[in-house]
file work-v2.cif (mmCIF, C-alpha atoms)
data_model
loop_
_atom_site.label_atom_id
_atom_site.label_comp_id
_atom_site.auth_asym_id
_atom_site.auth_seq_id
_atom_site.Cartn_x
_atom_site.Cartn_y
_atom_site.Cartn_z
CA MET A 1 15.13 -21.16 2.12
CA SER A 2 17.47 -18.98 4.05
CA SER A 3 15.04 -16.05 3.94
CA SER A 4 12.56 -17.95 6.11
CA VAL A 5 15.35 -18.64 8.62
CA ARG A 6 16.39 -14.98 8.62
CA GLY A 7 12.88 -13.75 9.29
CA ILE A 8 11.04 -10.65 8.21
CA GLY A 9 12.97 -8.50 10.72
CA GLY A 10 16.29 -9.51 9.17
CA GLU A 11 14.97 -8.78 5.68
CA ALA A 12 13.74 -5.36 6.83
CA LEU A 13 17.17 -4.56 8.29
CA LEU A 14 18.82 -5.66 5.04
CA ILE A 15 16.61 -3.35 2.94
CA ALA A 16 16.93 -0.43 5.37
CA GLY A 17 20.70 -0.83 5.50
CA LYS A 18 20.87 -0.84 1.70
CA ASP A 19 18.66 2.28 1.43
CA LEU A 20 20.68 4.16 4.03
CA ARG A 21 23.97 3.15 2.39
CA LEU A 22 22.57 4.37 -0.93
CA GLU A 23 21.65 7.65 0.70
CA ALA A 24 25.06 7.99 2.34
CA ARG A 25 26.70 7.44 -1.06
CA SER A 26 24.41 9.62 -3.19
CA ARG A 27 23.72 12.32 -0.55
CA VAL A 28 20.48 13.28 -2.31
CA ALA A 29 18.64 13.84 0.97
CA ALA A 30 21.59 15.67 2.51
CA ASN A 31 22.11 17.92 -0.53
CA HIS A 32 18.47 18.52 -1.50
CA VAL A 33 16.03 17.80 1.32
CA LEU A 34 17.94 19.33 4.24
CA PRO A 35 18.64 22.62 2.39
CA PHE A 36 14.94 22.69 1.44
CA VAL A 37 13.98 22.37 5.11
CA LEU A 38 16.43 25.10 6.07
CA ALA A 39 15.05 27.39 3.35
CA VAL A 40 11.46 26.85 4.52
CA VAL A 41 12.43 27.63 8.13
CA LEU A 42 14.15 30.85 7.10
CA LEU A 43 11.33 31.91 4.74
CA PHE A 44 8.73 31.51 7.48
CA GLY A 45 11.04 33.46 9.78
CA PHE A 46 11.02 36.36 7.34
CA ALA A 47 7.32 36.07 6.47
CA LEU A 48 6.04 35.97 10.06
CA ASP A 49 7.44 38.57 12.41
CA PRO A 50 9.39 36.72 15.15
CA ASP A 51 8.98 39.57 17.62
CA SER A 52 5.18 39.40 17.68
CA GLY A 53 5.10 35.82 18.97
CA ILE A 54 3.10 34.63 15.95
CA LEU A 55 6.02 32.60 14.75
CA ARG A 56 6.42 30.83 18.08
CA ARG A 57 2.70 30.04 18.23
CA ALA A 58 2.72 28.77 14.65
CA THR A 59 5.82 26.62 15.14
CA PRO A 60 4.01 23.28 15.75
CA GLY A 61 2.06 23.60 12.48
CA LEU A 62 5.07 24.88 10.52
CA PHE A 63 7.16 22.02 11.90
CA TRP A 64 4.82 19.28 10.72
CA VAL A 65 3.95 20.91 7.38
CA THR A 66 7.66 21.13 6.62
CA VAL A 67 8.20 17.52 7.71
CA LEU A 68 5.30 16.50 5.47
CA PHE A 69 6.82 18.20 2.41
CA ALA A 70 10.23 16.75 3.20
CA ALA A 71 8.59 13.33 3.53
CA VAL A 72 7.12 13.62 0.02
CA LEU A 73 10.61 14.29 -1.37
CA LEU A 74 12.16 11.43 0.61
CA VAL A 75 9.45 8.94 -0.39
CA GLN A 76 9.79 9.95 -4.04
CA ARG A 77 13.54 9.40 -3.88
CA ASN A 78 13.18 6.16 -1.93
CA PHE A 79 11.06 4.56 -4.64
CA ALA A 80 12.82 6.13 -7.63
CA ILE A 81 15.92 4.08 -6.79
CA GLU A 82 13.87 0.89 -7.13
CA ARG A 83 12.89 1.80 -10.70
CA GLN A 84 16.47 2.05 -12.02
CA ASN A 85 18.25 -0.73 -13.94
CA GLY A 86 15.54 -3.32 -13.45
CA VAL A 87 16.22 -3.69 -9.72
CA SER A 88 12.49 -4.10 -9.06
CA ASP A 89 12.65 -7.37 -11.04
CA ALA A 90 15.76 -8.39 -9.13
CA LEU A 91 13.97 -7.71 -5.84
CA ARG A 92 11.01 -9.85 -6.92
CA LEU A 93 13.39 -12.64 -7.92
CA SER A 94 15.34 -12.46 -4.67
CA GLY A 95 12.73 -14.29 -2.63
CA LEU A 96 12.62 -11.49 -0.04
CA ARG A 97 9.14 -11.29 1.40
CA PRO A 98 7.12 -8.20 0.46
CA ALA A 99 6.40 -7.52 4.15
CA GLY A 100 10.15 -7.50 4.87
CA ILE A 101 10.81 -5.09 2.01
CA PHE A 102 7.95 -2.83 3.14
CA LEU A 103 9.16 -2.72 6.75
CA GLY A 104 12.71 -2.04 5.55
CA LYS A 105 11.45 0.90 3.49
CA VAL A 106 9.55 2.21 6.54
CA LEU A 107 12.64 1.89 8.71
CA SER A 108 14.89 3.77 6.29
CA LEU A 109 12.27 6.51 5.89
CA VAL A 110 11.92 6.81 9.68
CA VAL A 111 15.69 7.29 10.07
CA GLN A 112 15.80 9.93 7.33
CA LEU A 113 12.73 11.75 8.69
CA LEU A 114 14.23 11.81 12.19
CA VAL A 115 17.29 13.58 10.79
CA VAL A 116 14.99 16.15 9.15
CA GLU A 117 13.02 16.59 12.38
CA LEU A 118 16.19 17.01 14.43
CA LEU A 119 17.30 19.79 12.09
CA MET A 120 13.85 21.39 12.24
CA ALA A 121 13.83 21.26 16.05
CA GLY A 122 17.26 22.88 16.21
CA CYS A 123 16.16 25.63 13.82
CA ALA A 124 12.94 26.23 15.79
CA VAL A 125 14.91 26.72 18.99
CA VAL A 126 17.53 28.96 17.38
CA PHE A 127 15.43 31.04 14.95
CA TYR A 128 11.89 30.93 16.43
CA ASP A 129 12.86 31.23 20.10
CA VAL A 130 10.87 28.09 20.97
CA ARG A 131 11.46 26.53 24.38
CA LEU A 132 11.15 22.78 24.39
CA ARG A 133 8.74 21.80 27.14
CA GLY A 134 6.90 18.54 27.74
CA PRO A 135 9.78 16.43 26.41
CA LEU A 136 8.01 13.10 26.90
CA LEU A 137 4.97 14.17 24.90
CA LEU A 138 7.20 15.75 22.24
CA LEU A 139 9.21 12.54 21.89
CA ALA A 140 6.15 10.28 21.85
CA THR A 141 4.41 12.49 19.26
CA THR A 142 7.53 12.62 17.10
CA ALA A 143 7.95 8.84 17.24
CA THR A 144 4.35 7.96 16.40
CA ALA A 145 3.86 10.70 13.79
CA THR A 146 7.14 9.79 12.06
CA LEU A 147 6.14 6.13 11.97
CA ALA A 148 2.71 7.06 10.57
CA ILE A 149 4.20 9.29 7.85
CA ALA A 150 6.84 6.70 6.90
CA SER A 151 4.29 3.85 6.79
CA ALA A 152 1.82 5.82 4.67
CA GLY A 153 4.68 6.92 2.41
CA ALA A 154 5.83 3.33 1.96
CA VAL A 155 2.27 2.29 1.04
CA TYR A 156 1.66 5.09 -1.46
CA GLY A 157 5.24 5.29 -2.80
CA PRO A 158 5.11 2.16 -4.99
CA LEU A 159 1.53 2.96 -5.97
CA ALA A 160 2.60 6.36 -7.34
CA SER A 161 5.85 5.03 -8.85
CA GLY A 162 3.85 2.75 -11.16
CA LEU A 163 1.96 5.67 -12.68
CA GLN A 164 2.97 7.66 -15.76
CA VAL A 165 2.48 10.87 -13.76
CA ARG A 166 4.44 9.56 -10.77
CA ASP A 167 6.21 12.83 -9.97
CA THR A 168 3.02 14.75 -9.44
CA ALA A 169 0.86 11.84 -8.29
CA LEU A 170 2.64 11.18 -5.00
CA PRO A 171 1.97 14.57 -3.36
CA LEU A 172 -1.65 14.39 -4.53
CA LEU A 173 -2.02 10.92 -2.99
CA LEU A 174 0.05 11.37 0.14
CA VAL A 175 -0.75 14.85 1.45
CA PRO A 176 -4.53 14.30 1.86
CA VAL A 177 -4.11 10.94 3.62
CA LEU A 178 -1.58 12.48 5.99
CA ALA A 179 -3.87 15.38 6.93
CA PRO A 180 -5.06 13.58 10.12
CA VAL A 181 -1.42 12.99 11.10
CA LEU A 182 -0.66 16.66 10.57
CA LEU A 183 -3.65 17.66 12.71
CA CYS A 184 -2.91 15.26 15.60
CA ALA A 185 0.83 15.97 15.65
CA THR A 186 0.29 19.74 15.56
CA ARG A 187 -2.24 19.61 18.43
CA ALA A 188 0.04 17.42 20.55
CA PHE A 189 3.00 19.75 19.92
CA GLN A 190 0.90 22.84 20.74
CA ILE A 191 -0.06 21.29 24.08
CA ALA A 192 3.47 20.08 24.82
CA LEU A 193 4.90 23.55 24.11
CA GLY A 194 2.22 25.20 26.24
CA GLU A 195 0.62 27.12 23.35
CA ILE A 196 -2.84 25.69 24.11
CA ALA A 197 -4.31 23.93 27.13
CA GLY A 198 -5.53 20.32 27.21
CA GLY A 199 -4.35 16.77 27.26
CA GLY A 200 -1.81 15.91 24.59
CA TRP A 201 -1.60 12.16 25.08
CA PRO A 202 -4.89 11.30 23.30
CA TRP A 203 -3.48 12.98 20.18
CA ALA A 204 -0.27 10.96 20.45
CA GLY A 205 -2.41 7.86 20.93
CA MET A 206 -4.36 8.62 17.76
CA LEU A 207 -1.08 8.96 15.89
CA GLY A 208 -0.11 5.53 17.19
CA ILE A 209 -3.37 4.11 15.85
CA VAL A 210 -2.81 5.69 12.42
CA ALA A 211 0.76 4.30 12.36
CA ALA A 212 -0.49 0.82 13.29
CA LEU A 213 -3.18 1.00 10.58
CA TYR A 214 -0.71 1.93 7.82
CA LEU A 215 1.85 -0.61 9.02
CA THR A 216 -0.80 -3.34 8.87
CA LEU A 217 -2.08 -2.14 5.51
CA GLY A 218 1.45 -2.10 4.08
CA VAL A 219 2.26 -5.61 5.29
CA VAL A 220 -0.96 -6.89 3.68
CA VAL A 221 -0.93 -5.02 0.35
CA TRP A 222 2.77 -4.78 -0.51
CA GLY A 223 2.86 -8.16 -2.25
CA PRO A 224 0.15 -7.26 -4.78
CA LEU A 225 1.63 -3.74 -5.11
CA MET A 226 5.04 -5.16 -6.07
CA GLU A 227 3.44 -7.36 -8.70
CA GLU A 228 1.17 -4.79 -10.28
CA THR A 229 3.34 -1.64 -10.35
CA MET B 1 12.57 -37.29 -15.59
CA GLU B 2 10.52 -34.08 -15.66
CA PRO B 3 11.92 -31.37 -17.95
CA VAL B 4 13.23 -28.20 -16.29
CA VAL B 5 10.99 -26.12 -18.55
CA HIS B 6 7.70 -27.60 -19.76
CA PHE B 7 5.32 -25.33 -21.67
CA ARG B 8 2.20 -26.57 -23.47
CA SER B 9 -0.04 -24.11 -25.34
CA ALA B 10 1.18 -21.45 -22.92
CA VAL B 11 -0.34 -18.01 -23.38
CA ALA B 12 0.91 -14.77 -21.82
CA LEU B 13 -0.47 -11.27 -22.22
CA LEU B 14 1.31 -7.91 -22.08
CA GLY B 15 -1.65 -5.74 -21.19
CA ARG B 16 -4.18 -6.92 -23.75
CA PHE B 17 -1.55 -7.89 -26.31
CA PRO B 18 -0.98 -11.65 -26.58
CA ALA B 19 2.84 -11.83 -26.39
CA LEU B 20 2.89 -15.64 -26.19
CA THR B 21 0.15 -17.27 -28.23
CA GLY B 22 0.56 -20.94 -27.43
CA VAL B 23 4.15 -21.93 -26.73
CA ASN B 24 5.12 -25.61 -26.68
CA LEU B 25 8.60 -26.16 -25.28
CA ASP B 26 10.51 -28.75 -23.27
CA VAL B 27 14.02 -28.08 -21.95
CA GLY B 28 15.93 -30.71 -20.01
CA ALA B 29 18.52 -30.33 -17.26
CA GLY B 30 21.98 -29.36 -18.47
CA GLU B 31 20.77 -28.09 -21.85
CA ILE B 32 21.80 -24.75 -23.32
CA VAL B 33 18.90 -23.61 -25.45
CA LEU B 34 18.97 -20.61 -27.76
CA VAL B 35 15.71 -18.74 -28.36
CA THR B 36 15.71 -16.89 -31.67
CA GLY B 37 13.14 -14.84 -33.49
CA PRO B 38 12.45 -11.41 -34.94
CA ASN B 39 11.79 -8.38 -32.76
CA GLY B 40 8.48 -8.75 -30.95
CA ALA B 41 8.42 -12.53 -31.37
CA GLY B 42 8.10 -13.03 -27.61
CA LYS B 43 11.67 -14.02 -26.64
CA THR B 44 11.91 -11.67 -23.66
CA THR B 45 8.35 -12.50 -22.63
CA LEU B 46 9.17 -16.22 -22.67
CA LEU B 47 12.24 -15.68 -20.47
CA ARG B 48 10.28 -13.47 -18.05
CA CYS B 49 7.49 -16.07 -17.85
CA CYS B 50 10.10 -18.73 -17.02
CA ALA B 51 11.40 -16.45 -14.25
CA GLY B 52 7.90 -16.13 -12.80
CA LEU B 53 7.83 -12.39 -13.45
CA LEU B 54 4.99 -12.52 -15.99
CA ARG B 55 1.77 -14.42 -15.58
CA VAL B 56 0.98 -17.36 -17.87
CA THR B 57 -2.72 -16.92 -18.37
CA ALA B 58 -3.62 -20.16 -20.18
CA GLY B 59 -2.12 -23.53 -21.00
CA THR B 60 0.45 -25.45 -18.99
CA ALA B 61 3.71 -23.96 -17.75
CA ARG B 62 6.02 -25.74 -15.31
CA VAL B 63 9.55 -24.60 -14.47
CA LEU B 64 11.75 -26.60 -12.08
CA GLY B 65 8.66 -28.49 -11.00
CA VAL B 66 6.72 -25.34 -10.12
CA ASP B 67 3.34 -24.76 -11.76
CA LEU B 68 3.64 -21.17 -13.00
CA VAL B 69 -0.09 -20.83 -13.59
CA ALA B 70 -0.86 -21.66 -9.96
CA ASP B 71 2.14 -20.12 -8.13
CA ARG B 72 4.76 -18.34 -10.22
CA VAL B 73 6.37 -16.69 -7.18
CA ALA B 74 7.72 -20.03 -5.91
CA VAL B 75 10.06 -20.45 -8.88
CA ARG B 76 11.79 -17.08 -8.50
CA PRO B 77 14.47 -17.96 -5.93
CA MET B 78 15.59 -20.87 -8.14
CA VAL B 79 16.20 -18.91 -11.36
CA GLY B 80 18.66 -16.21 -12.36
CA LEU B 81 17.69 -13.63 -14.97
CA LEU B 82 20.11 -11.33 -16.75
CA GLY B 83 17.93 -8.95 -18.72
CA HIS B 84 18.73 -5.85 -20.70
CA ASP B 85 19.40 -4.02 -17.41
CA SER B 86 22.08 -4.92 -14.91
CA GLY B 87 19.67 -5.21 -11.95
CA LEU B 88 22.15 -3.23 -9.82
CA TYR B 89 21.84 0.02 -7.89
CA ASP B 90 23.67 2.83 -9.70
CA GLU B 91 24.90 4.67 -6.61
CA LEU B 92 26.18 1.62 -4.74
CA SER B 93 29.64 0.24 -5.41
CA VAL B 94 30.00 -3.08 -7.19
CA ILE B 95 30.98 -4.89 -3.98
CA ASP B 96 28.11 -3.33 -1.98
CA ASN B 97 25.67 -4.39 -4.71
CA LEU B 98 26.97 -7.94 -4.79
CA ARG B 99 26.98 -8.21 -0.99
CA PHE B 100 23.40 -6.93 -0.84
CA TRP B 101 22.11 -9.32 -3.50
CA ALA B 102 24.00 -12.25 -1.98
CA ARG B 103 22.41 -11.57 1.41
CA ALA B 104 19.01 -11.01 -0.21
CA VAL B 105 19.03 -14.48 -1.80
CA GLY B 106 20.69 -16.11 1.21
CA ALA B 107 23.91 -16.91 -0.67
CA PRO B 108 27.34 -16.85 1.00
CA THR B 109 29.23 -13.56 0.75
CA ASP B 110 32.71 -14.95 1.23
CA ASP B 111 33.18 -16.06 -2.38
CA ILE B 112 32.20 -12.73 -3.98
CA ASP B 113 35.81 -11.95 -4.87
CA ALA B 114 36.12 -15.32 -6.61
CA VAL B 115 32.89 -14.73 -8.55
CA MET B 116 34.06 -11.26 -9.63
CA ASP B 117 37.26 -12.84 -10.86
CA ARG B 118 35.34 -15.54 -12.77
CA VAL B 119 33.14 -13.05 -14.62
CA GLY B 120 36.04 -10.67 -15.29
CA VAL B 121 35.18 -7.78 -13.00
CA ALA B 122 38.56 -6.33 -12.04
CA SER B 123 39.11 -6.13 -8.28
CA ARG B 124 40.10 -2.45 -8.65
CA LEU B 125 36.47 -1.79 -9.67
CA ALA B 126 35.02 -3.33 -6.51
CA ASP B 127 34.61 0.01 -4.76
CA VAL B 128 33.51 1.93 -7.86
CA ALA B 129 29.86 2.99 -8.13
CA VAL B 130 27.96 1.03 -10.79
CA SER B 131 26.97 4.31 -12.50
CA ARG B 132 30.67 4.92 -13.25
CA LEU B 133 31.22 1.59 -14.97
CA SER B 134 31.32 1.09 -18.73
CA THR B 135 28.41 -0.78 -20.32
CA GLY B 136 30.48 -3.93 -20.60
CA GLN B 137 31.66 -3.80 -16.98
CA ARG B 138 28.11 -3.19 -15.86
CA ARG B 139 26.96 -6.30 -17.75
CA ARG B 140 29.76 -8.29 -16.12
CA ALA B 141 28.77 -7.02 -12.66
CA GLY B 142 25.15 -7.98 -13.39
CA LEU B 143 26.35 -11.42 -14.44
CA ALA B 144 28.29 -11.69 -11.16
CA ALA B 145 25.05 -11.03 -9.26
CA LEU B 146 23.44 -13.87 -11.21
CA VAL B 147 26.33 -16.30 -10.60
CA ILE B 148 26.23 -15.56 -6.85
CA ARG B 149 22.62 -16.81 -6.77
CA ARG B 150 23.75 -20.23 -8.08
CA PRO B 151 20.48 -20.64 -9.96
CA SER B 152 19.25 -23.95 -11.36
CA LEU B 153 17.95 -22.15 -14.45
CA TRP B 154 19.91 -19.36 -16.14
CA LEU B 155 17.78 -16.99 -18.20
CA LEU B 156 19.91 -14.68 -20.33
CA ASP B 157 18.29 -12.05 -22.52
CA GLU B 158 20.76 -10.93 -25.22
CA PRO B 159 23.71 -11.74 -22.94
CA HIS B 160 26.38 -10.91 -25.52
CA ALA B 161 25.11 -7.37 -26.16
CA GLY B 162 27.55 -4.68 -25.02
CA LEU B 163 30.37 -7.14 -24.30
CA ASP B 164 33.77 -7.24 -25.97
CA GLN B 165 35.18 -10.40 -27.55
CA ARG B 166 36.96 -11.56 -24.39
CA ALA B 167 33.93 -10.98 -22.19
CA ARG B 168 31.76 -12.95 -24.65
CA ASP B 169 34.15 -15.86 -24.52
CA GLU B 170 34.13 -15.75 -20.72
CA LEU B 171 30.34 -15.62 -20.65
CA ASP B 172 30.12 -18.64 -22.96
CA ALA B 173 32.59 -20.52 -20.77
CA LEU B 174 30.53 -19.68 -17.68
CA ALA B 175 27.32 -20.90 -19.30
CA ARG B 176 28.96 -24.16 -20.42
CA SER B 177 30.44 -24.65 -16.96
CA ALA B 178 27.03 -24.09 -15.34
CA ALA B 179 25.41 -26.57 -17.75
CA ARG B 180 28.10 -29.18 -17.00
CA GLN B 181 27.24 -28.81 -13.31
CA GLY B 182 23.57 -29.54 -14.04
CA ALA B 183 22.12 -26.05 -14.48
CA THR B 184 19.97 -25.27 -17.50
CA VAL B 185 20.56 -22.24 -19.69
CA LEU B 186 17.88 -20.58 -21.80
CA PHE B 187 19.05 -17.53 -23.70
CA SER B 188 18.03 -15.25 -26.52
CA SER B 189 20.37 -13.67 -29.02
CA HIS B 190 20.46 -11.96 -32.37
CA GLU B 191 24.13 -12.86 -32.87
CA LEU B 192 23.38 -16.24 -34.35
CA ASP B 193 26.89 -17.48 -35.21
CA ARG B 194 28.18 -17.07 -31.69
CA ALA B 195 24.92 -18.10 -30.04
CA GLU B 196 24.54 -21.29 -32.09
CA ALA B 197 28.10 -22.28 -31.22
CA LEU B 198 27.17 -22.03 -27.54
CA ALA B 199 23.75 -23.66 -27.72
CA THR B 200 23.06 -27.38 -27.70
CA ARG B 201 19.65 -26.69 -29.24
CA SER B 202 17.68 -23.77 -30.57
CA VAL B 203 14.02 -22.84 -30.80
CA HIS B 204 12.60 -20.23 -33.14
CA LEU B 205 9.71 -18.03 -32.07
CA VAL B 206 7.43 -16.14 -34.44
CA GLY B 207 4.36 -14.24 -33.29
CA GLY B 208 4.60 -15.61 -29.77
CA ALA B 209 4.76 -19.30 -30.69
CA VAL B 210 7.56 -21.80 -31.30
CA VAL B 211 7.67 -22.58 -35.01
CA CYS B 212 10.87 -24.59 -35.11
CA ALA B 213 12.87 -26.56 -32.52
CA GLU B 214 15.98 -28.48 -33.43
CA SER B 215 19.14 -29.83 -31.88
CA HIS B 216 22.57 -28.55 -32.78
CA ALA B 217 23.33 -31.84 -34.59
CA GLU B 218 20.20 -31.41 -36.71
CA GLN B 219 21.22 -27.84 -37.56
CA VAL B 220 24.69 -28.98 -38.63
CA SER B 221 23.31 -31.79 -40.77
#
call {"tool": "encode", "arguments": {"input": "work-v2.cif", "output": "structure tokens"}}
result
Amino acid sequence: MSSSVRGIGGEALLIAGKDLRLEARSRVAANHVLPFVLAVVLLFGFALDPDSGILRRATPGLFWVTVLFAAVLLVQRNFAIERQNGVSDALRLSGLRPAGIFLGKVLSLVVQLLVVELLMAGCAVVFYDVRLRGPLLLLATTATATLAIASAGAVYGPLASGLQVRDTALPLLLVPVLAPVLLCATRAFQIALGEIAGGGWPWAGMLGIVAALYLTLGVVVWGPLMEET
Amino acid sequence: MEPVVHFRSAVALLGRFPALTGVNLDVGAGEIVLVTGPNGAGKTTLLRCCAGLLRVTAGTARVLGVDLVADRVAVRPMVGLLGHDSGLYDELSVIDNLRFWARAVGAPTDDIDAVMDRVGVASRLADVAVSRLSTGQRRRAGLAALVIRRPSLWLLDEPHAGLDQRARDELDALARSAARQGATVLFSSHELDRAEALATRSVHLVGGAVVCAESHAEQVS
């Protein structure tokens, strides 16, 4: 079989490339998710007075809450495309390994989330007067938290897409399990931006552990998930 | 020589509903077998079981030498299924879809143009999104994705539905050509005149079981 020659990495790249090409063609994330992020940033700007410094202090939490909501939309979209026209059957018939498909989904979600986070960071600097300090910790936190969110989304996405109430089920499933990610990422950002004192690297390390856990879980359970949903 | 499809007292459930209630069926290499029956007889379920998409819960079921009861996943790369849906991504262009599915199954991508030509997908449609195609063109594009796989067993669920006369003729010619090259074709249809002209043999399902199996020569006589 050629798929065994290609390896799981090649299969993941194939799936991620397809998802990103789909997104480039349909522009659902660009036309829906990015404006949503922009609207949230502006609403918080109006709701919390920027002059009082509250907004700047709240930026780490606002950043990750917004990313979390954007992630729910992106995961929903990412798995809705696999329900159309019987492509889920075609994927099962293709011989692609479930682990390869899962890792491809994670990769495409990571790329899309990074675009969202880049926009958020730009908005925070421009509208919230945030100065980016501790770049290494910021980058490490962003990388590990994004991987954790994408992995958890790729585990719960197919689970929710098999349910009758899939549109409302995903946020209910995903938001609680990502609460630890939200907490760790917010703490690490607060420390990196100098809002609170302490060591930020343990928080980034915990995010890495959560990401590794969900990546492992996804690789193990995606086969049964594809069959049963 | 072992039949390509060998079912004995095969049972399959859709939820708790017994969709196949004890199917006995043998299909040899190079045969084109028509599966007929009223709505709900189990035609689609039979095809999906052969593809390894549905579990056979009791009895014996072997397809292309693979025991479906023990390991139905192993048969999937060897079969091609054209169901009621095209199996293509709406937002991707026809050519992007075909390239993706060719790479997914490890098939060469350099003969995609030739395959599109064979199934009657006009080259001007290559860069058109699948969502913008007519029903008939979508079926043809789905058929192209199946042909690219070069499956040993073709499973076609109502393949003539939504196609015009010319496309039906081309589909029949493709199926005959595949059978001549050693592939086996199992298909369902409600359009009996056309389907019986294509088939070398037909089986009739009622209530999830085969009640009648006869060759084309027997039907004519």
call {"tool": "resolve_selection", "arguments": {"input": "work-v2.cif", "expression": "the PyMOL selection byres ((chain B) within 6 of (chain A))", "output": "PyMOL selection string"}}
result
chain B and resi 76-77+85-88+92+104-106
call {"tool": "resolve_selection", "arguments": {"input": "work-v2.cif", "expression": "the PyMOL selection byres ((chain A and resi 142) around 10)", "output": "CSV table (one decimal) with C-alpha atoms, in the frame of the given file"}}
result
chain,number,residue,atom,x,y,z
A,64,TRP,CA,4.8,19.3,10.7
A,113,LEU,CA,12.7,11.8,8.7
A,114,LEU,CA,14.2,11.8,12.2
A,117,GLU,CA,13.0,16.6,12.4
A,136,LEU,CA,8.0,13.1,26.9
A,137,LEU,CA,5.0,14.2,24.9
A,138,LEU,CA,7.2,15.8,22.2
A,139,LEU,CA,9.2,12.5,21.9
A,140,ALA,CA,6.2,10.3,21.8
A,141,THR,CA,4.4,12.5,19.3
A,143,ALA,CA,8.0,8.8,17.2
A,144,THR,CA,4.4,8.0,16.4
A,145,ALA,CA,3.9,10.7,13.8
A,146,THR,CA,7.1,9.8,12.1
A,147,LEU,CA,6.1,6.1,12.0
A,148,ALA,CA,2.7,7.1,10.6
A,185,ALA,CA,0.8,16.0,15.6
A,188,ALA,CA,0.0,17.4,20.6
A,189,PHE,CA,3.0,19.8,19.9
A,204,ALA,CA,-0.3,11.0,20.4
A,207,LEU,CA,-1.1,9.0,15.9
call {"tool": "atom_distance", "arguments": {"input": "work-v2.cif", "atom1": "atom CA of Phe46 of chain A", "atom2": "atom CA of Val28 of chain A"}}
result
26.7 Å
call {"tool": "atom_distance", "arguments": {"input": "work-v2.cif", "atom1": "atom CA of Gly52 of chain B", "atom2": "atom CA of Ala74 of chain B"}}
result
7.9 Å
call {"tool": "atom_distance", "arguments": {"input": "work-v2.cif", "atom1": "atom CA of Leu107 of chain A", "atom2": "atom CA of Thr186 of chain A"}}
result
22.8 Å
call {"tool": "resolve_selection", "arguments": {"input": "work-v2.cif", "expression": "the PyMOL selection byres ((chain A and resi 80) around 10)", "output": "PyMOL selection string"}}
result
chain A and resi 74-79+81-84+157-158+161+166-167
call {"tool": "write_last_selection", "arguments": {"input": "work-v2.cif", "atoms": "C-alpha atoms", "output": "CSV table (one decimal), in the coordinates of the input"}}
result
chain,number,residue,atom,x,y,z
A,74,LEU,CA,12.2,11.4,0.6
A,75,VAL,CA,9.4,8.9,-0.4
A,76,GLN,CA,9.8,10.0,-4.0
A,77,ARG,CA,13.5,9.4,-3.9
A,78,ASN,CA,13.2,6.2,-1.9
A,79,PHE,CA,11.1,4.6,-4.6
A,81,ILE,CA,15.9,4.1,-6.8
A,82,GLU,CA,13.9,0.9,-7.1
A,83,ARG,CA,12.9,1.8,-10.7
A,84,GLN,CA,16.5,2.0,-12.0
A,157,GLY,CA,5.2,5.3,-2.8
A,158,PRO,CA,5.1,2.2,-5.0
A,161,SER,CA,5.8,5.0,-8.8
A,166,ARG,CA,4.4,9.6,-10.8
A,167,ASP,CA,6.2,12.8,-10.0
call {"tool": "residues_around", "arguments": {"input": "work-v2.cif", "residues": "segment 171-173 of chain A", "least_positions_apart": "2", "cutoff": "8 Å", "atoms": "all atoms listed in the file", "output": "PyMOL selection string"}}
result
chain A and resi 72+156+160+168-169+175-177
call {"tool": "residues_around", "arguments": {"input": "work-v2.cif", "residues": "segment 30-33 of chain B", "least_positions_apart": "5", "cutoff": "12 Å", "atoms": "only C-alpha atoms", "output": "PyMOL selection string"}}
result
chain B and resi 3-5+25+47+152-157+172-189+195-204+213-216
